[in-house]
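Novice: File name upload27.cif; file contents mmCIF, C-alpha atoms; full text below.
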```
data_data
#
loop_
_atom_site.label_atom_id
_atom_site.label_comp_id
_atom_site.auth_asym_id
_atom_site.auth_seq_id
_atom_site.Cartn_x
_atom_site.Cartn_y
_atom_site.Cartn_z
CA MET A 1 122.52 81.88 90.74
CA ASN A 2 119.43 83.67 89.42
CA ASP A 3 119.24 87.28 88.32
CA HIS A 4 118.23 88.59 91.77
CA ASP A 5 120.73 86.73 93.94
CA GLU A 6 123.38 89.44 93.66
CA LEU A 7 120.80 92.19 94.26
CA ILE A 8 119.56 90.42 97.41
CA ARG A 9 123.16 90.04 98.62
CA ARG A 10 123.81 93.77 98.11
CA ILE A 11 120.57 94.74 99.85
CA ARG A 12 121.33 92.45 102.79
CA ALA A 13 124.78 94.01 103.17
CA ARG A 14 123.47 97.59 102.95
CA ALA A 15 120.59 96.88 105.33
CA ALA A 16 122.95 95.37 107.90
CA GLU A 17 125.32 98.33 107.52
CA GLU A 18 122.54 100.92 108.03
CA SER A 19 120.51 99.24 110.78
CA GLU A 20 121.52 98.16 114.25
CA ALA A 21 118.77 95.55 114.45
CA LEU A 22 116.71 94.49 111.46
CA PRO A 23 113.37 92.79 112.07
CA ALA A 24 113.28 89.03 111.58
CA CYS A 25 112.39 87.84 108.10
CA ALA A 26 108.80 86.94 107.29
CA ASP A 27 108.19 83.21 106.98
CA ALA A 28 106.30 81.42 104.20
CA PRO A 29 103.01 81.18 106.17
CA ALA A 30 103.11 84.95 106.88
CA VAL A 31 103.64 85.72 103.18
CA ALA A 32 100.80 83.34 102.23
CA GLU A 33 98.48 84.99 104.78
CA ALA A 34 99.42 88.44 103.46
CA GLU A 35 98.62 87.36 99.90
CA ARG A 36 95.25 85.96 101.03
CA ALA A 37 94.44 89.23 102.82
CA LEU A 38 95.52 91.32 99.81
CA GLY A 39 93.75 89.18 97.21
CA PHE A 40 96.76 88.93 94.89
CA THR A 41 100.19 87.33 94.83
CA LEU A 42 103.30 89.34 95.56
CA PRO A 43 106.08 89.64 92.98
CA PRO A 44 108.86 87.08 93.55
CA LEU A 45 111.51 89.74 94.28
CA LEU A 46 109.31 91.40 96.90
CA VAL A 47 108.72 88.02 98.54
CA ARG A 48 112.47 87.40 98.58
CA LEU A 49 113.08 90.77 100.25
CA TYR A 50 110.66 89.94 103.07
CA ARG A 51 111.83 86.32 103.35
CA GLU A 52 115.60 86.80 102.94
CA VAL A 53 116.48 90.35 104.05
CA ALA A 54 113.99 91.39 106.76
CA ASN A 55 110.31 92.05 107.38
CA GLY A 56 110.82 95.73 106.51
CA GLY A 57 113.12 98.23 108.16
CA PHE A 58 115.53 98.73 105.23
CA GLY A 59 115.57 100.76 102.04
CA PRO A 60 115.55 104.42 101.12
CA ASP A 61 114.86 107.15 103.66
CA TYR A 62 111.85 106.09 105.70
CA GLU A 63 112.44 102.40 105.02
CA VAL A 64 110.24 99.67 103.59
CA PHE A 65 107.14 98.80 105.63
CA PRO A 66 106.95 95.41 107.30
CA LEU A 67 104.73 93.13 105.24
CA VAL A 68 102.88 91.80 108.28
CA GLY A 69 103.02 92.14 112.04
CA GLU A 70 101.96 94.58 114.69
CA GLY A 71 101.33 98.21 113.86
CA ARG A 72 101.64 99.74 110.44
CA THR A 73 102.39 97.27 107.64
CA ALA A 74 102.16 97.11 103.86
CA VAL A 75 99.05 94.94 104.22
CA SER A 76 97.35 97.32 106.68
CA ASP A 77 98.13 100.39 104.57
CA TYR A 78 96.78 98.66 101.45
CA ALA A 79 93.57 97.78 103.32
CA SER A 80 93.29 101.40 104.40
CA GLU A 81 93.94 102.90 100.95
CA CYS A 82 92.08 100.28 98.92
CA PRO A 83 89.24 98.84 101.01
CA ALA A 84 87.77 95.51 99.96
CA PRO A 85 84.13 95.17 98.90
CA PRO A 86 81.48 95.73 100.09
CA ALA A 87 83.13 99.00 101.13
CA GLU A 88 82.95 101.87 98.68
CA PRO A 89 85.98 101.69 96.32
CA ALA A 90 88.68 104.25 96.97
CA PRO A 91 88.77 106.59 93.96
CA HIS A 92 92.47 107.28 94.41
CA TRP A 93 94.02 103.80 94.84
CA PRO A 94 94.14 101.04 92.20
CA ARG A 95 93.74 97.38 93.04
CA GLY A 96 97.00 95.44 93.21
CA VAL A 97 99.23 98.44 94.01
CA LEU A 98 100.89 97.72 97.34
CA PRO A 99 102.27 100.64 99.37
CA ILE A 100 105.74 99.72 100.60
CA LEU A 101 107.15 103.01 101.89
CA ASP A 102 105.72 106.26 103.24
CA TRP A 103 107.67 109.28 101.96
CA GLY A 104 105.70 111.59 104.25
CA CYS A 105 103.07 114.24 103.42
CA GLY A 106 100.73 111.55 102.06
CA MET A 107 103.26 110.29 99.49
CA TYR A 108 103.93 106.58 99.01
CA ALA A 109 106.25 104.32 97.08
CA ALA A 110 104.11 101.42 95.90
CA VAL A 111 104.69 98.26 93.88
CA ASP A 112 102.31 97.34 91.07
CA CYS A 113 101.94 93.68 91.97
CA LEU A 114 99.77 92.93 88.93
CA GLN A 115 102.55 93.63 86.41
CA PRO A 116 105.33 91.11 85.65
CA HIS A 117 108.25 93.46 86.34
CA ALA A 118 106.60 94.97 89.44
CA PRO A 119 107.08 98.65 88.57
CA VAL A 120 107.46 101.00 91.50
CA LEU A 121 105.01 103.88 91.53
CA LEU A 122 104.96 107.16 93.39
CA PHE A 123 101.65 108.34 94.81
CA GLU A 124 101.89 112.11 95.32
CA PRO A 125 98.43 113.50 96.15
CA ASN A 126 99.38 116.96 97.37
CA ALA A 127 98.70 118.97 94.21
CA VAL A 128 95.67 116.98 93.03
CA GLU A 129 92.40 118.84 92.92
CA ASP A 130 89.90 116.44 91.35
CA ASP A 131 91.62 113.94 89.04
CA TRP A 132 93.49 111.22 90.93
CA THR A 133 95.34 110.13 87.80
CA HIS A 134 97.55 113.18 88.31
CA ALA A 135 98.74 111.80 91.65
CA TRP A 136 100.37 108.70 90.13
CA PHE A 137 103.90 108.53 88.71
CA ARG A 138 106.19 105.75 87.57
CA ASP A 139 109.22 105.87 89.82
CA ALA A 140 111.02 102.88 88.28
CA PRO A 141 110.13 100.34 85.57
CA SER A 142 110.75 97.49 88.03
CA LEU A 143 111.28 96.82 91.71
CA ALA A 144 114.80 95.60 90.89
CA GLU A 145 115.66 98.91 89.20
CA TRP A 146 114.18 100.90 92.09
CA LEU A 147 116.30 98.93 94.56
CA ASP A 148 119.39 99.40 92.37
CA SER A 149 118.81 103.17 92.40
CA TRP A 150 118.72 103.09 96.20
CA LEU A 151 121.90 101.01 96.38
CA ASP A 152 123.68 103.18 93.80
CA GLY A 153 122.47 106.52 95.21
CA THR A 154 120.76 107.48 91.95
CA GLY A 155 117.10 107.67 93.06
CA TRP A 156 115.23 110.98 92.78
CA TRP A 157 115.01 111.06 96.59
CA ASP A 158 118.82 111.09 96.93
CA GLN A 159 119.83 114.76 97.28
CA GLU A 160 123.05 114.44 95.31
CA ALA A 161 121.37 112.52 92.51
CA ALA A 162 118.41 114.91 92.40
CA SER A 163 120.66 117.95 92.06
CA ALA A 164 122.88 116.38 89.39
CA GLU A 165 122.66 117.85 85.91
CA GLY A 166 120.34 115.84 83.68
CA SER A 167 118.65 114.13 86.62
CA THR A 168 115.04 113.13 86.08
CA GLY A 169 112.36 112.26 88.56
CA PRO A 170 109.31 110.09 88.31
CA VAL A 171 107.16 110.45 85.19
CA PRO A 172 103.35 110.33 84.98
CA TRP A 173 102.03 106.76 85.15
CA PRO A 174 100.38 106.12 81.77
CA GLU A 175 98.13 103.34 83.11
CA ALA A 176 96.73 105.42 85.99
CA ALA A 177 93.40 106.32 84.38
CA GLU A 178 92.69 102.78 83.22
CA ARG A 179 93.65 101.19 86.53
CA LEU A 180 91.70 103.70 88.61
CA ALA A 181 88.62 103.26 86.40
CA ALA A 182 88.86 99.47 86.80
CA ARG A 183 88.76 99.93 90.57
CA ASN A 184 85.26 101.44 90.53
#
```
Kindly return the structure encoded in the file as C-alpha cells.

Specialist:
Amino acid sequence: MNDHDELIRRIRARAAEESEALPACADAPAVAEAERALGFTLPPLLVRLYREVANGGFGPDYEVFPLVGEGRTAVSDYASECPAPPAEPAPHWPRGVLPILDWGCGMYAAVDCLQPHAPVLLFEPNAVEDDWTHAWFRDAPSLAEWLDSWLDGTGWWDQEAASAEGSTGPVPWPEAAERLAARN
C-alpha cells in the first residue's frame, strides 16, 4: 500500500456518502488528452482522484471540477484563465496552476502542478487593485494535506474550523511574483 491508498479510500467513502450519483471516473486516455491540452503532467495524486474516485463532483463546498467532459472542467477553466500562445498571456494566472474548484466570487482553489508536492493555492482577486501577486495564497503545502483538511473538517472554509481559536487561513504565496513574471 502506498502513502495515498488510505487517503483515496477515505475520499471515496466520503464522496459516496455525500453524493447520490458521482460522475464516472476519467480513464487513462482522457487524462492523457487533458495533459496534452494543458501542456504539463498532472500530479500523481490528482490523477488518482480523477481515475479512482470520480471525474469531479466531490470535495469541499462547491466540489472539484471534472477534469474533462462537457461543460465547465478544470481543463476549460485553465484554458480560460491561462490562454496558450499566441494569445496574450494572462497577467493574473501562472502557467501550470490548475483550477480545481470555484469558491465563488472569482475565487479558485488551484493545484500547482509544477511542484512535486502539488501545493493547493487560493486565488482571491477581489481586493486586488493592480498587483496580481496579492491575489495568490498558499492554502495547503500539498494536495494530500488539503484533502485531509476537507476530510477532517479543518480547512479554512469549514465554518467551525474557521471560528476556532488559533485557526489560520491561507498565507500569501511566496512564489507568486516569480511565477507570474515567468508567464509573461

Novice: Given the file above and the PyMOL selection byres ((chain A and resi 137) around 6), which residues are selected, and can you give them as a list of chain:residue names?

Specialist: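 On this input, the PyMOL selection byres ((chain A and resi 137) around 6) captures A:Leu121, A:Leu122, A:Trp136, A:Arg138, A:Pro170, A:Val171, A:Pro172, A:Trp173.
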
Novice: May I have the residues at most 7 Å from (91.4, 104.1, 99.8) in the file's coordinates, counting all atoms listed in the file, as a list in words?

Specialist: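 In the file's frame, the residues around the point are Ser80, Glu81, Cys82, Pro83, Pro89, Ala90, Pro91, His92 and Trp93 of chain A.
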
Novice: Can I get the selected residues back with C-alpha atoms, as a PDB file, in the frame of the given file?

Specialist:
```
ATOM      1  CA  SER A  80      93.290 101.400 104.400  1.00  0.00           C
ATOM      2  CA  GLU A  81      93.940 102.900 100.950  1.00  0.00           C
ATOM      3  CA  CYS A  82      92.080 100.280  98.920  1.00  0.00           C
ATOM      4  CA  PRO A  83      89.240  98.840 101.010  1.00  0.00           C
ATOM      5  CA  PRO A  89      85.980 101.690  96.320  1.00  0.00           C
ATOM      6  CA  ALA A  90      88.680 104.250  96.970  1.00  0.00           C
ATOM      7  CA  PRO A  91      88.770 106.590  93.960  1.00  0.00           C
ATOM      8  CA  HIS A  92      92.470 107.280  94.410  1.00  0.00           C
ATOM      9  CA  TRP A  93      94.020 103.800  94.840  1.00  0.00           C
TER      10      TRP A  93
END
```

Novice: Which residue is closest to A:Asp3? Choose from A:Val68, A:Ala144, A:Ala26, A:Met107 and count only C-alpha atoms.

Specialist: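 Of the candidates, the smallest distance to A:Asp3 is held by A:Ala144.
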
Novice: If you apply the PyMOL selection byres ((chain A and resi 76) around 12) to this file, what residues do you get, as a list in words?

Specialist: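 Matching residues under the PyMOL selection byres ((chain A and resi 76) around 12) are Ala34, Ala37, Leu38, Phe65, Pro66, Leu67, Val68, Gly69, Glu70, Gly71, Arg72, Thr73, Ala74, Val75, Asp77, Tyr78, Ala79, Ser80, Glu81, Cys82, Pro83, Ala84, Leu98, Pro99 and Ile100 of chain A.
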
Novice: Excluding stretch 152-158 of chain A and any residue of its chain fewer than 2 positions from it, enumerate the residues within 12 Å of it, using all atoms listed in the file, and give them as an MDAnalysis selection string.

Specialist: chainID A and resid 7 10:11 14 59:62 103 109 120 122 138:140 145:150 160:164 166:171

Novice: Would you mind listing what lies within 7 Å of A:Pro94 as a list in words, with all atoms listed in the file counted and same-chain residues fewer than 3 positions away left out?

Specialist: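 Result of the neighbour search: Val97, Arg179, Leu180 and Arg183 of chain A.
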
Novice: If you count all atoms listed in the file, which residues fall within 9 Å of stretch 43-45 of chain A, apart from same-chain ones fewer than 6 positions away, as a PyMOL selection string?

Specialist: chain A and resi 4+8+111-118+143-144

Novice: Kindly indicate which residue among A:Phe40, A:Pro23, A:Arg95, A:Ser142 lies nearest to A:Ala176, using only C-alpha atoms for the distances.

Specialist: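 Of the candidates, the smallest distance to A:Ala176 is held by A:Arg95.
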
Novice: I need the residue nearest A:Ala21 from this list: A:Ala54, A:Val64, A:Ala182, A:Ala135. Use all atoms listed in the file for the distance.

Specialist: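 Using all atoms listed in the file, the shortest distance to A:Ala21 belongs to A:Ala54.
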
Novice: Which residue is closest to A:Asp131? Choose from A:Thr41, A:Asp27, A:Glu63, A:Ala181 and count only C-alpha atoms.

Specialist: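 The answer is A:Ala181, which sits nearest to A:Asp131.
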
Novice: Enumerate, as a list in words, the residues matched when the PyMOL selection byres ((chain A and resi 105) around 12) is run on the file above.

Specialist: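 Taken over the shown coordinates, the PyMOL selection byres ((chain A and resi 105) around 12) returns Asp102, Trp103, Gly104, Gly106, Met107, Tyr108, Phe123, Glu124, Pro125, Asn126 and Ala127 of chain A.
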
Novice: Take the selection from the previous step and output its residues with C-alpha atoms, as a PDB file, in the coordinates of the input.

Specialist:
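Heads up, here's the output in again05.pdb:
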```
ATOM      1  CA  ASP A 102     105.720 106.260 103.240  1.00  0.00           C
ATOM      2  CA  TRP A 103     107.670 109.280 101.960  1.00  0.00           C
ATOM      3  CA  GLY A 104     105.700 111.590 104.250  1.00  0.00           C
ATOM      4  CA  GLY A 106     100.730 111.550 102.060  1.00  0.00           C
ATOM      5  CA  MET A 107     103.260 110.290  99.490  1.00  0.00           C
ATOM      6  CA  TYR A 108     103.930 106.580  99.010  1.00  0.00           C
ATOM      7  CA  PHE A 123     101.650 108.340  94.810  1.00  0.00           C
ATOM      8  CA  GLU A 124     101.890 112.110  95.320  1.00  0.00           C
ATOM      9  CA  PRO A 125      98.430 113.500  96.150  1.00  0.00           C
ATOM     10  CA  ASN A 126      99.380 116.960  97.370  1.00  0.00           C
ATOM     11  CA  ALA A 127      98.700 118.970  94.210  1.00  0.00           C
TER      12      ALA A 127
END
```

Novice: For the atom pair atom CA of A:Glu33 and atom CA of A:Gly96, what is the interatomic distance in Å to one decimal place?

Specialist: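 Answer for the atom CA of A:Glu33 to atom CA of A:Gly96 separation: 15.7 Å.
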
Novice: If the box runs along x, y and z of the file and leaves 4 Å on each side of stretch 50-62 of chain A, what are its centre and edge lengths in Å, one decimal, as lines of an AutoDock Vina configuration file?

Specialist:
```
center_x = 113.4
center_y = 96.7
center_z = 104.6
size_x = 14.2
size_y = 28.8
size_z = 15.0
```

Novice: Have a look at atom CA of A:Pro119 and atom CA of A:Pro141 and let me know their distance in Å, one decimal.

Specialist: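 Those two atoms sit 4.6 Å apart.
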
Novice: At what distance in Å, to one decimal, does atom CA of A:Glu6 lie from atom CA of A:Glu35?

Specialist: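 Spanning atom CA of A:Glu35 to atom CA of A:Glu6 is a straight-line distance of 25.6 Å.
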